[in-house]
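The file target-v3.txt contains compact mmCIF, C-alpha atoms:
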# COMPACT_ATOMS: atom_id res chain seq x y z
CA MET A 1464 -3.18 0.35 26.16
CA ASN A 1465 -1.47 3.75 26.05
CA ILE A 1466 -2.01 6.10 23.14
CA ILE A 1467 1.28 7.67 22.02
CA ASN A 1468 2.63 9.80 19.14
CA PHE A 1469 -0.88 10.13 17.71
CA THR A 1470 -0.91 12.57 14.75
CA PRO A 1471 -4.54 12.64 13.55
CA VAL A 1472 -4.31 15.85 11.49
CA ALA A 1473 -1.19 14.90 9.50
CA ALA A 1474 -2.61 11.39 9.09
CA THR A 1475 -5.94 12.62 7.74
CA ILE A 1476 -4.36 15.17 5.39
CA GLY A 1477 -1.83 12.59 4.16
CA GLY A 1478 -4.69 10.14 3.69
CA MET A 1479 -6.67 12.69 1.66
CA ILE A 1480 -3.63 13.24 -0.57
CA ILE A 1481 -3.49 9.46 -1.11
CA GLY A 1482 -7.23 9.51 -1.87
CA LEU A 1483 -6.62 12.22 -4.47
CA ALA A 1484 -4.08 9.97 -6.23
CA VAL A 1485 -6.66 7.15 -6.27
CA VAL A 1486 -9.35 9.44 -7.75
CA MET A 1487 -6.99 10.81 -10.39
CA PHE A 1488 -5.81 7.38 -11.52
CA PHE A 1489 -9.42 6.21 -11.76
CA LEU A 1490 -10.88 9.30 -13.49
CA PHE A 1491 -8.17 9.54 -16.16
CA ASN A 1492 -6.82 6.00 -16.54
CA GLY A 1493 -9.81 3.97 -15.35
CA ARG A 1494 -7.83 1.88 -12.89
CA LEU A 1495 -7.87 1.59 -9.12
CA ILE A 1496 -4.56 1.83 -7.30
CA GLY A 1497 -3.30 -1.37 -5.77
CA ILE A 1498 0.43 -1.14 -5.31
CA SER A 1499 1.24 -4.83 -4.91
CA GLY A 1500 -0.49 -5.54 -8.22
CA ILE A 1501 1.06 -2.56 -9.98
CA ALA A 1502 4.54 -3.53 -8.75
CA ALA A 1503 4.21 -7.23 -9.58
CA ASN A 1504 2.71 -6.55 -13.02
CA ALA A 1505 5.20 -3.80 -13.89
CA LEU A 1506 7.95 -6.36 -14.22
CA SER A 1507 6.06 -9.39 -15.44
CA GLU A 1508 3.11 -8.28 -17.58
CA LYS A 1509 3.21 -6.48 -20.93
CA ASN A 1510 -0.29 -5.06 -20.40
CA ASN A 1511 -0.07 -1.53 -18.93
CA ARG A 1512 3.64 -2.05 -18.30
CA PHE A 1513 4.63 1.57 -18.78
CA ASP A 1514 1.70 2.92 -16.76
CA ASN A 1515 2.76 0.65 -13.94
CA LEU A 1516 6.44 1.56 -14.22
CA PHE A 1517 5.68 5.29 -14.34
CA PHE A 1518 3.48 4.96 -11.27
CA LEU A 1519 6.29 3.22 -9.35
CA ILE A 1520 8.82 5.83 -10.46
CA GLY A 1521 6.38 8.48 -9.19
CA LEU A 1522 6.14 6.72 -5.83
CA VAL A 1523 9.91 7.09 -5.45
CA ILE A 1524 10.02 10.66 -6.79
CA GLY A 1525 7.25 11.80 -4.39
CA PRO A 1526 9.42 11.78 -1.25
CA ILE A 1527 12.32 13.38 -3.15
CA LEU A 1528 10.09 16.28 -4.27
CA TYR A 1529 8.80 16.59 -0.71
CA ILE A 1530 12.36 16.96 0.59
CA LEU A 1531 13.29 19.46 -2.15
CA PHE A 1532 10.24 21.67 -1.68
CA THR A 1533 9.86 21.60 2.10
CA ASN A 1534 13.53 21.36 3.09
CA LYS A 1535 12.45 18.85 5.72
CA GLU A 1536 14.15 15.55 6.35
CA ILE A 1537 12.28 12.28 6.23
CA ASN A 1538 13.33 10.11 9.14
CA ILE A 1539 12.38 6.47 9.25
CA THR A 1540 13.09 3.82 11.83
CA ILE A 1541 13.35 0.33 10.42
CA SER A 1542 14.56 -3.02 11.73
CA ASN A 1543 18.29 -3.66 11.41
CA SER A 1544 17.82 -7.40 11.05
CA LEU A 1545 18.29 -8.27 7.39
CA ILE A 1546 16.99 -11.80 8.02
CA LEU A 1547 13.78 -10.41 9.51
CA LEU A 1548 13.39 -7.97 6.60
CA ILE A 1549 13.93 -10.71 4.02
CA ILE A 1550 11.34 -12.95 5.69
CA ALA A 1551 8.94 -9.99 6.01
CA GLY A 1552 9.47 -9.01 2.36
CA LEU A 1553 8.87 -12.56 1.14
CA LEU A 1554 5.69 -12.85 3.24
CA VAL A 1555 4.38 -9.50 1.98
CA GLY A 1556 5.24 -10.34 -1.65
CA ILE A 1557 3.73 -13.81 -1.53
CA GLY A 1558 0.72 -12.90 0.63
CA THR A 1559 -0.40 -9.88 -1.35
CA ARG A 1560 -0.29 -11.76 -4.65
CA ILE A 1561 -2.18 -14.77 -3.29
CA SER A 1562 -4.87 -12.52 -1.80
CA GLY A 1563 -4.82 -10.09 -4.73
CA GLY A 1564 -4.14 -6.88 -2.81
CA CYS A 1565 -2.37 -4.99 -0.05
CA THR A 1566 -3.09 -2.00 2.17
CA SER A 1567 -3.84 0.13 -0.90
CA GLY A 1568 -5.63 -2.35 -3.19
CA HIS A 1569 -7.83 -3.96 -0.55
CA GLY A 1570 -7.54 -1.41 2.28
CA ILE A 1571 -8.27 1.77 0.31
CA SER A 1572 -9.47 1.03 -3.24
CA GLY A 1573 -11.43 -2.09 -2.26
CA LEU A 1574 -13.00 -0.60 0.88
CA GLY A 1575 -13.90 2.51 -1.11
CA ARG A 1576 -16.00 0.51 -3.55
CA PHE A 1577 -17.55 -1.46 -0.65
CA SER A 1578 -16.10 -4.81 -1.78
CA LEU A 1579 -16.89 -7.48 0.83
CA ARG A 1580 -13.86 -9.43 -0.38
CA SER A 1581 -11.60 -6.45 0.37
CA ILE A 1582 -13.26 -5.79 3.73
CA ILE A 1583 -12.53 -9.38 4.76
CA ALA A 1584 -8.95 -9.15 3.45
CA THR A 1585 -8.36 -5.90 5.36
CA ILE A 1586 -9.76 -7.24 8.63
CA THR A 1587 -7.63 -10.38 8.20
CA PHE A 1588 -4.30 -8.65 7.56
CA MET A 1589 -4.98 -6.15 10.36
CA ILE A 1590 -5.73 -8.88 12.90
CA VAL A 1591 -2.72 -10.98 11.87
CA GLY A 1592 -0.51 -7.87 11.85
CA ILE A 1593 -1.67 -6.97 15.37
CA LEU A 1594 -1.08 -10.54 16.59
CA THR A 1595 2.37 -10.62 14.96
CA VAL A 1596 3.40 -7.43 16.76
CA LEU A 1597 1.94 -8.76 20.01
CA ILE A 1598 3.95 -11.98 19.72
CA LYS A 1599 7.11 -10.17 18.64
CA ASN A 1600 6.99 -7.54 21.40
CA TYR A 1601 5.69 -9.41 24.38
CA ILE A 1602 6.51 -13.08 24.12
CA MET B 1123 -1.10 11.33 -21.50
CA ASN B 1124 -2.14 8.39 -19.36
CA LYS B 1125 1.51 7.69 -18.60
CA LEU B 1126 1.90 11.23 -17.29
CA ILE B 1127 -1.16 10.65 -15.08
CA SER B 1128 0.42 7.42 -13.82
CA LEU B 1129 3.59 9.30 -12.92
CA LEU B 1130 1.65 12.11 -11.22
CA ALA B 1131 -0.59 9.70 -9.34
CA GLY B 1132 2.53 7.90 -8.09
CA ILE B 1133 4.12 11.18 -7.02
CA ILE B 1134 0.98 12.33 -5.20
CA PHE B 1135 0.57 8.94 -3.53
CA GLY B 1136 4.23 9.04 -2.43
CA ILE B 1137 3.83 12.53 -0.99
CA GLY B 1138 0.72 11.34 0.87
CA LEU B 1139 2.78 8.54 2.41
CA VAL B 1140 5.36 11.08 3.60
CA VAL B 1141 2.83 13.62 4.94
CA SER B 1142 0.95 10.88 6.81
CA GLU B 1143 4.30 9.41 7.98
CA MET B 1144 3.22 5.97 6.76
CA ILE B 1145 6.60 5.80 5.02
CA ASN B 1146 8.04 5.23 8.50
CA PRO B 1147 7.78 1.54 9.51
CA GLU B 1148 7.93 2.49 13.19
CA LYS B 1149 4.71 4.48 12.78
CA VAL B 1150 2.98 1.48 11.19
CA LEU B 1151 4.24 -0.91 13.88
CA SER B 1152 2.90 1.46 16.56
CA PHE B 1153 -0.51 1.25 14.90
CA LEU B 1154 -0.37 -2.54 15.10
CA ASP B 1155 0.77 -2.41 18.75
CA VAL B 1156 -2.82 -2.13 19.97
CA PHE B 1157 -2.08 -3.82 23.31
CA GLY B 1158 1.02 -1.75 24.05
CA ASN B 1159 1.82 1.83 23.08
CA TRP B 1160 -0.80 2.40 20.43
CA ASP B 1161 -0.68 5.07 17.73
CA PRO B 1162 -4.06 5.08 15.91
CA SER B 1163 -2.79 7.38 13.10
CA LEU B 1164 -2.92 4.75 10.34
CA ALA B 1165 -6.68 4.42 10.79
CA PHE B 1166 -7.00 8.17 10.14
CA VAL B 1167 -4.92 7.81 6.97
CA MET B 1168 -7.38 5.22 5.71
CA ILE B 1169 -10.35 7.37 6.71
CA GLY B 1170 -8.83 10.42 4.98
CA ALA B 1171 -8.18 8.42 1.82
CA LEU B 1172 -11.68 6.93 1.83
CA ILE B 1173 -13.46 10.26 2.44
CA VAL B 1174 -11.92 11.51 -0.79
CA SER B 1175 -11.83 8.39 -2.93
CA SER B 1176 -15.02 6.50 -2.10
CA PRO B 1177 -17.66 9.10 -3.11
CA MET B 1178 -15.63 10.03 -6.19
CA PHE B 1179 -15.30 6.36 -7.18
CA HIS B 1180 -19.06 5.90 -7.08
CA LEU B 1181 -19.59 9.04 -9.14
CA ILE B 1182 -16.89 8.38 -11.72
CA LYS B 1183 -17.72 4.70 -12.32
CA ASN B 1184 -20.99 5.84 -13.94
CA ASN B 1185 -19.04 7.72 -16.61
CA LYS B 1186 -19.00 6.06 -20.03
CA LYS B 1187 -15.24 5.80 -19.97
CA PRO B 1188 -12.14 7.23 -18.31
CA LEU B 1189 -10.79 10.47 -19.75
CA PHE B 1190 -7.55 9.06 -21.19
CA THR B 1191 -8.21 5.35 -21.78
CA ASP B 1192 -10.92 3.32 -23.48
CA SER B 1193 -12.53 1.55 -20.56
CA PHE B 1194 -12.60 1.16 -16.81
CA ASN B 1195 -10.43 -1.69 -15.68
CA TYR B 1196 -10.61 -2.73 -12.04
CA SER B 1197 -11.08 -5.98 -10.16
CA LYS B 1198 -14.64 -7.25 -10.00
CA ASN B 1199 -13.51 -10.39 -8.20
CA LYS B 1200 -16.01 -11.21 -5.43
CA ASP B 1201 -14.55 -14.57 -4.38
CA ILE B 1202 -14.18 -15.05 -0.67
CA ASN B 1203 -12.06 -18.16 -0.46
CA ASN B 1204 -9.14 -19.77 1.31
CA ARG B 1205 -6.62 -17.97 -0.85
CA LEU B 1206 -7.99 -14.61 0.21
CA ILE B 1207 -7.67 -15.53 3.90
CA ILE B 1208 -4.32 -17.34 3.61
CA GLY B 1209 -2.78 -14.61 1.43
CA SER B 1210 -4.03 -11.82 3.69
CA SER B 1211 -2.72 -13.68 6.74
CA LEU B 1212 0.74 -14.12 5.21
CA PHE B 1213 0.73 -10.45 4.25
CA GLY B 1214 -0.38 -9.44 7.76
CA ALA B 1215 2.43 -11.50 9.31
CA GLY B 1216 5.05 -9.87 7.06
CA TRP B 1217 3.54 -6.43 7.68
CA GLY B 1218 3.68 -6.98 11.44
CA LEU B 1219 7.27 -8.24 11.30
CA GLY B 1220 8.75 -5.35 9.31
CA GLY B 1221 6.17 -2.57 9.47
CA LEU B 1222 6.37 -2.25 5.69
CA CYS B 1223 3.73 -2.81 3.04
CA PRO B 1224 4.34 -2.43 -0.71
CA GLY B 1225 3.61 1.31 -1.14
CA PRO B 1226 5.74 2.72 1.69
CA ALA B 1227 8.46 0.15 0.98
CA ILE B 1228 8.80 1.27 -2.65
CA SER B 1229 8.57 4.97 -1.75
CA SER B 1230 11.31 4.58 0.84
CA ILE B 1231 13.74 3.53 -1.91
CA ALA B 1232 14.07 7.34 -2.28
CA LEU B 1233 15.79 7.45 1.12
CA LEU B 1234 18.46 4.97 -0.04
CA ASN B 1235 18.04 2.96 3.12
CA ILE B 1236 19.71 -0.43 2.64
CA ASN B 1237 17.26 -2.11 5.01
CA SER B 1238 14.15 -1.01 3.16
CA ILE B 1239 15.77 -1.85 -0.18
CA THR B 1240 16.50 -5.35 1.14
CA PHE B 1241 12.81 -5.66 2.01
CA VAL B 1242 11.75 -4.49 -1.46
CA VAL B 1243 14.03 -7.01 -3.20
CA ALA B 1244 12.62 -9.83 -1.04
CA MET B 1245 9.09 -8.62 -1.78
CA PHE B 1246 9.71 -8.80 -5.54
CA VAL B 1247 11.13 -12.31 -5.09
CA GLY B 1248 7.83 -13.10 -3.35
CA PHE B 1249 5.85 -11.68 -6.29
CA TYR B 1250 7.83 -13.88 -8.66
CA LEU B 1251 7.41 -17.02 -6.56
CA VAL B 1252 3.62 -16.59 -6.67
CA LYS B 1253 3.71 -16.05 -10.42
CA PHE B 1254 6.06 -18.98 -10.94
CA PHE B 1255 3.82 -21.35 -8.98
CA LYS B 1256 0.69 -19.79 -10.55
CA LEU B 1257 -0.96 -18.99 -7.21
CA SER B 1258 -2.03 -15.40 -7.87
CA SER B 1259 -5.60 -14.21 -7.34
Please lay out the structure from this file as C-alpha cells.
Amino acid sequence: MNIINFTPVAATIGGMIIGLAVVMFFLFNGRLIGISGIAANALSEKNNRFDNLFFLIGLVIGPILYILFTNKEINITISNSLILLIIAGLLVGIGTRISGGCTSGHGISGLGRFSLRSIIATITFMIVGILTVLIKNYI
Amino acid sequence: MNKLISLLAGIIFGIGLVVSEMINPEKVLSFLDVFGNWDPSLAFVMIGALIVSSPMFHLIKNNKKPLFTDSFNYSKNKDINNRLIIGSSLFGAGWGLGGLCPGPAISSIALLNINSITFVVAMFVGFYLVKFFKLSS
C-alpha cells in the first residue's frame, strides 16, 4: 500500500460542509439526507416531491456557484467506457433502493444516528467496493 | 419555506462534494484502492460530516418538531436482512466500477460531462426497476 494524493484538510472541511447540510435539512424540514431515496422519490412519489426536486436542483447548482464565486475549475476524471458506466449506474440505482440507502443515507445520516443497519450497510458497500477495485485493477 | 431549505441544503451539500473533491470519481476510486495507491481522503469526509451532524442530530431529535414542518420524518427501519446485504453489495460493486455514488453523480451534471450523465440516467433506470418489481426497502 502506498498513500498518494491524500488531502485530509480539504476532505474534513468538505465533510463538515456536508454535515451542515444534513443538520439544516433535519432542523428545519425534519428529514435526514439520503440522496438515493431523495432522487428516486423525487420522480415517483407525490409525497415531498417538491422538497426532493429542490434538493436535487440545489445539488447541481452547488458546483456552479462554487465555480462562479471561486473562479476555480472543477476537474473530474471518469471512465470513458459507456458500457461500464451504464452497468455501474444500474448497479448503484438497483442496489441503493434494495438496501434503502447510499453513501449519504447509510454512510452519513445512518451512521450519525448510530443505526446498526446503516453500519452494516456501510461496511458491506465499502468492502465490496474495495474488492471490485481490486479485481478491476489487478486481475 | 421548507422548499427554500431543501434548495439551500442541496446547494451546501453540492459545495461540500466539490470542496472535498468527492465529485471526482478518480478520488473515490483511489479511496477504494486500499491495496494499491491508496488515498484515505473519503474517510475524512465522512468523519468531518459526522463530527458536525451526529451530535446535532441527537440534540435536535429531542425537539417537539422541526422548525418548518409538522413532524420529524426519518427511517426507523432496524431490519438487518438479506436485502440490506444484497442491495449494499450491488451498490458497492457499482460504486467500485465507476467511482460514482448518487450524490456526486447528480452534482456532476453541473459539469455537463456526458459520461457522468450516462451514469445518472442508468442509475434512474435502476431506481425504476426496483420500484417496478417492488423490491425497495
Could you list, with a cut-off of 6 Å and counting only C-alpha atoms, the residues of segment 1476-1516 of chain A near segment 1190-1209 of chain B, each shown with its nearest atom pair and the distance in Å rounded to one decimal, rows sorted by chain and ascending number, as JSON lines?
{"residue": "A:Phe1491", "atom": "CA", "partner": "B:Phe1190", "partner_atom": "CA", "distance": 5.1}
{"residue": "A:Asn1492", "atom": "CA", "partner": "B:Thr1191", "partner_atom": "CA", "distance": 5.5}
{"residue": "A:Gly1493", "atom": "CA", "partner": "B:Phe1194", "partner_atom": "CA", "distance": 4.2}
{"residue": "A:Arg1494", "atom": "CA", "partner": "B:Asn1195", "partner_atom": "CA", "distance": 5.2}
{"residue": "A:Leu1495", "atom": "CA", "partner": "B:Tyr1196", "partner_atom": "CA", "distance": 5.9}
Residues within 12 Å of Ile1550 of chain A, please, as a VMD selection string. Count only C-alpha atoms; anything in the same chain fewer than 5 positions from it doesn't count. (chain A and resid 1544 to 1545 1555 to 1558) or (chain B and resid 1212 to 1213 1215 to 1220 1222 1240 to 1245 1247 to 1248)
Which residue out of A:Met1589, A:Ile1602, A:Ile1501, A:Ile1546 has the minimum interatomic distance to chain B when all atoms listed in the file are used?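 Distance minimum relative to chain B lands on A:Met1589.
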May I have the residues within 7 Å of Gly1158 of chain B as a compact mmCIF listing (two decimals) with C-alpha atoms, in the coordinates of the input, using all atoms listed in the file and disregarding those fewer than 3 positions away in the same chain?
# COMPACT_ATOMS: atom_id res chain seq x y z
CA MET A 1464 -3.18 0.35 26.16
CA ASN A 1465 -1.47 3.75 26.05
CA ASP B 1155 0.77 -2.41 18.75
Shell around segment 1518-1524 of chain A at 12 Å using only C-alpha atoms, local window under 5 positions removed, as a ChimeraX atom specification: /A:1481,1484-1485,1488,1492,1494,1496-1506,1511-1513,1529-1531 /B:1124-1140,1145,1224-1234,1239
Protein and nucleic acid residues near (-9.6, -0.1, 0.2) (cut-off 10 Å, only C-alpha atoms) as a ChimeraX atom specification: /A:1495-1497,1564-1578,1581-1582,1584-1585 /B:1168-1169,1171-1172,1175-1176
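You will find atom CA of Thr1533 of chain A at 27.3 Å from atom CA of Asn1515 of chain A.
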Neighbours of point (-3.1, -11.5, -7.2) within 7 Å, using all atoms listed in the file, written as a PyMOL selection string: (chain A and resi 1500+1559-1564) or (chain B and resi 1258-1259)
Hey, can you spit out that residue selection with C-alpha atoms as a compact mmCIF listing (two decimals), keeping the file's coordinate frame?
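This is the output file selection-v9.txt:
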# COMPACT_ATOMS: atom_id res chain seq x y z
CA GLY A 1500 -0.49 -5.54 -8.22
CA THR A 1559 -0.40 -9.88 -1.35
CA ARG A 1560 -0.29 -11.76 -4.65
CA ILE A 1561 -2.18 -14.77 -3.29
CA SER A 1562 -4.87 -12.52 -1.80
CA GLY A 1563 -4.82 -10.09 -4.73
CA GLY A 1564 -4.14 -6.88 -2.81
CA SER B 1258 -2.03 -15.40 -7.87
CA SER B 1259 -5.60 -14.21 -7.34
Rounded to one decimal in Å, what is the spacing between atom CA of Glu1536 of chain A and atom CA of Gly1477 of chain A?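 Atom CA of Gly1477 of chain A lies 16.4 Å from atom CA of Glu1536 of chain A.
Distances here use all atoms listed in the file; by that measure, the residue among A:Phe1532, A:Tyr1601, A:Phe1489, A:Phe1588 closest to chain B is A:Phe1588.
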Work out how far apart atom CA of Lys1149 of chain B and atom CA of Ala1474 of chain A are and give it in Å to one decimal.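 Value for the atom CA of Lys1149 of chain B-atom CA of Ala1474 of chain A distance: 10.7 Å.
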Hey, what's within 9 Å of Leu1154 of chain B if we count all atoms listed in the file and toss same-chain stuff fewer than 4 positions away? As a ChimeraX atom specification, please? /A:1589-1590,1592-1597 /B:1149-1150,1160-1162,1218,1221
Using all atoms listed in the file for the distances, tell me which of A:Val1472, A:Ile1586, A:Phe1517, A:Ser1507 is nearest to chain B.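 Of the candidates, the smallest distance to chain B is held by A:Phe1517.
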Which is closest to chain A among B:Asn1184, B:Val1167, B:Asn1235, B:Lys1256, if we use all atoms listed in the file? B:Val1167
Enclosing box along x, y and z for every listed atom of segment 1243-1247 of chain B, padded 3 Å each side, centre and size in Å, one decimal, as JSON:
{"center_x": 11.6, "center_y": -9.7, "center_z": -3.3, "size_x": 10.9, "size_y": 11.3, "size_z": 10.5}
How would segment 1144-1245 of chain B look written as a PDB file, in the first residue's frame with C-alpha atoms?
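Generated output (decode25.pdb):
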ATOM      1  CA  MET B1144     -15.732  13.668  -3.792  1.00  0.00           C
ATOM      2  CA  ILE B1145     -17.337  14.911  -7.009  1.00  0.00           C
ATOM      3  CA  ASN B1146     -14.290  13.425  -8.762  1.00  0.00           C
ATOM      4  CA  PRO B1147     -14.748   9.664  -9.359  1.00  0.00           C
ATOM      5  CA  GLU B1148     -10.973   9.195  -9.536  1.00  0.00           C
ATOM      6  CA  LYS B1149     -10.679  10.424  -5.942  1.00  0.00           C
ATOM      7  CA  VAL B1150     -13.314   7.919  -4.803  1.00  0.00           C
ATOM      8  CA  LEU B1151     -11.691   5.052  -6.715  1.00  0.00           C
ATOM      9  CA  SER B1152      -8.346   5.903  -5.073  1.00  0.00           C
ATOM     10  CA  PHE B1153     -10.037   5.560  -1.688  1.00  0.00           C
ATOM     11  CA  LEU B1154     -11.266   2.105  -2.650  1.00  0.00           C
ATOM     12  CA  ASP B1155      -7.810   1.124  -3.970  1.00  0.00           C
ATOM     13  CA  VAL B1156      -6.655   0.125  -0.488  1.00  0.00           C
ATOM     14  CA  PHE B1157      -4.182  -2.468  -1.781  1.00  0.00           C
ATOM     15  CA  GLY B1158      -2.645  -0.181  -4.410  1.00  0.00           C
ATOM     16  CA  ASN B1159      -2.188   3.587  -4.360  1.00  0.00           C
ATOM     17  CA  TRP B1160      -4.489   4.491  -1.513  1.00  0.00           C
ATOM     18  CA  ASP B1161      -5.991   7.924  -0.884  1.00  0.00           C
ATOM     19  CA  PRO B1162      -7.744   7.858   2.527  1.00  0.00           C
ATOM     20  CA  SER B1163      -9.459  11.255   1.963  1.00  0.00           C
ATOM     21  CA  LEU B1164     -13.005   9.872   1.700  1.00  0.00           C
ATOM     22  CA  ALA B1165     -12.795   8.567   5.269  1.00  0.00           C
ATOM     23  CA  PHE B1166     -12.003  12.117   6.425  1.00  0.00           C
ATOM     24  CA  VAL B1167     -15.027  13.428   4.522  1.00  0.00           C
ATOM     25  CA  MET B1168     -17.224  11.017   6.445  1.00  0.00           C
ATOM     26  CA  ILE B1169     -15.550  11.920   9.741  1.00  0.00           C
ATOM     27  CA  GLY B1170     -15.979  15.651   9.022  1.00  0.00           C
ATOM     28  CA  ALA B1171     -19.645  15.163   8.160  1.00  0.00           C
ATOM     29  CA  LEU B1172     -20.268  13.031  11.254  1.00  0.00           C
ATOM     30  CA  ILE B1173     -18.492  15.411  13.663  1.00  0.00           C
ATOM     31  CA  VAL B1174     -20.989  18.080  12.641  1.00  0.00           C
ATOM     32  CA  SER B1175     -24.142  16.070  12.016  1.00  0.00           C
ATOM     33  CA  SER B1176     -24.152  13.349  14.664  1.00  0.00           C
ATOM     34  CA  PRO B1177     -24.169  15.485  17.858  1.00  0.00           C
ATOM     35  CA  MET B1178     -26.631  17.908  16.275  1.00  0.00           C
ATOM     36  CA  PHE B1179     -28.919  15.041  15.232  1.00  0.00           C
ATOM     37  CA  HIS B1180     -29.078  13.748  18.788  1.00  0.00           C
ATOM     38  CA  LEU B1181     -29.817  17.224  20.110  1.00  0.00           C
ATOM     39  CA  ILE B1182     -32.402  18.184  17.501  1.00  0.00           C
ATOM     40  CA  LYS B1183     -34.350  14.905  17.565  1.00  0.00           C
ATOM     41  CA  ASN B1184     -35.498  15.801  21.101  1.00  0.00           C
ATOM     42  CA  ASN B1185     -37.230  18.923  19.774  1.00  0.00           C
ATOM     43  CA  LYS B1186     -41.021  18.699  19.598  1.00  0.00           C
ATOM     44  CA  LYS B1187     -40.983  19.281  15.867  1.00  0.00           C
ATOM     45  CA  PRO B1188     -38.841  20.642  13.045  1.00  0.00           C
ATOM     46  CA  LEU B1189     -38.929  24.404  12.525  1.00  0.00           C
ATOM     47  CA  PHE B1190     -40.722  24.384   9.155  1.00  0.00           C
ATOM     48  CA  THR B1191     -42.671  21.106   9.034  1.00  0.00           C
ATOM     49  CA  ASP B1192     -45.070  19.301  11.352  1.00  0.00           C
ATOM     50  CA  SER B1193     -43.059  16.265  12.355  1.00  0.00           C
ATOM     51  CA  PHE B1194     -39.728  14.513  12.103  1.00  0.00           C
ATOM     52  CA  ASN B1195     -39.702  12.011   9.299  1.00  0.00           C
ATOM     53  CA  TYR B1196     -36.723   9.687   9.018  1.00  0.00           C
ATOM     54  CA  SER B1197     -36.208   5.957   8.658  1.00  0.00           C
ATOM     55  CA  LYS B1198     -36.609   3.950  11.849  1.00  0.00           C
ATOM     56  CA  ASN B1199     -36.094   0.707   9.957  1.00  0.00           C
ATOM     57  CA  LYS B1200     -33.890  -1.614  12.036  1.00  0.00           C
ATOM     58  CA  ASP B1201     -34.147  -4.709   9.826  1.00  0.00           C
ATOM     59  CA  ILE B1202     -30.878  -6.432   9.122  1.00  0.00           C
ATOM     60  CA  ASN B1203     -31.799  -8.838   6.380  1.00  0.00           C
ATOM     61  CA  ASN B1204     -30.698 -10.296   3.069  1.00  0.00           C
ATOM     62  CA  ARG B1205     -31.976  -7.311   1.142  1.00  0.00           C
ATOM     63  CA  LEU B1206     -29.757  -4.980   3.135  1.00  0.00           C
ATOM     64  CA  ILE B1207     -26.683  -7.103   2.390  1.00  0.00           C
ATOM     65  CA  ILE B1208     -27.548  -7.874  -1.247  1.00  0.00           C
ATOM     66  CA  GLY B1209     -28.516  -4.271  -2.023  1.00  0.00           C
ATOM     67  CA  SER B1210     -25.405  -2.862  -0.348  1.00  0.00           C
ATOM     68  CA  SER B1211     -23.246  -5.375  -2.217  1.00  0.00           C
ATOM     69  CA  LEU B1212     -24.752  -4.432  -5.592  1.00  0.00           C
ATOM     70  CA  PHE B1213     -24.262  -0.777  -4.728  1.00  0.00           C
ATOM     71  CA  GLY B1214     -20.657  -1.413  -3.662  1.00  0.00           C
ATOM     72  CA  ALA B1215     -19.934  -3.213  -6.941  1.00  0.00           C
ATOM     73  CA  GLY B1216     -21.355  -0.325  -8.992  1.00  0.00           C
ATOM     74  CA  TRP B1217     -19.522   2.210  -6.827  1.00  0.00           C
ATOM     75  CA  GLY B1218     -16.242   0.353  -7.319  1.00  0.00           C
ATOM     76  CA  LEU B1219     -16.763   0.069 -11.084  1.00  0.00           C
ATOM     77  CA  GLY B1220     -17.495   3.740 -11.770  1.00  0.00           C
ATOM     78  CA  GLY B1221     -16.356   5.619  -8.667  1.00  0.00           C
ATOM     79  CA  LEU B1222     -19.734   7.346  -8.560  1.00  0.00           C
ATOM     80  CA  CYS B1223     -22.463   7.238  -5.938  1.00  0.00           C
ATOM     81  CA  PRO B1224     -25.784   9.098  -6.208  1.00  0.00           C
ATOM     82  CA  GLY B1225     -24.796  12.472  -4.671  1.00  0.00           C
ATOM     83  CA  PRO B1226     -21.597  13.172  -6.615  1.00  0.00           C
ATOM     84  CA  ALA B1227     -23.158  11.724  -9.781  1.00  0.00           C
ATOM     85  CA  ILE B1228     -26.097  14.151  -9.641  1.00  0.00           C
ATOM     86  CA  SER B1229     -23.880  17.102  -8.671  1.00  0.00           C
ATOM     87  CA  SER B1230     -21.568  16.401 -11.592  1.00  0.00           C
ATOM     88  CA  ILE B1231     -24.453  17.019 -14.012  1.00  0.00           C
ATOM     89  CA  ALA B1232     -23.367  20.663 -13.493  1.00  0.00           C
ATOM     90  CA  LEU B1233     -20.135  19.886 -15.364  1.00  0.00           C
ATOM     91  CA  LEU B1234     -22.079  18.674 -18.427  1.00  0.00           C
ATOM     92  CA  ASN B1235     -19.909  15.603 -18.650  1.00  0.00           C
ATOM     93  CA  ILE B1236     -21.593  13.094 -20.970  1.00  0.00           C
ATOM     94  CA  ASN B1237     -20.075  10.153 -19.094  1.00  0.00           C
ATOM     95  CA  SER B1238     -21.444  11.133 -15.711  1.00  0.00           C
ATOM     96  CA  ILE B1239     -24.823  11.977 -17.262  1.00  0.00           C
ATOM     97  CA  THR B1240     -24.895   8.490 -18.802  1.00  0.00           C
ATOM     98  CA  PHE B1241     -24.286   7.072 -15.330  1.00  0.00           C
ATOM     99  CA  VAL B1242     -27.091   9.169 -13.823  1.00  0.00           C
ATOM    100  CA  VAL B1243     -29.591   8.046 -16.482  1.00  0.00           C
ATOM    101  CA  ALA B1244     -28.683   4.392 -15.852  1.00  0.00           C
ATOM    102  CA  MET B1245     -28.990   4.971 -12.104  1.00  0.00           C
TER     103      MET B1245
END
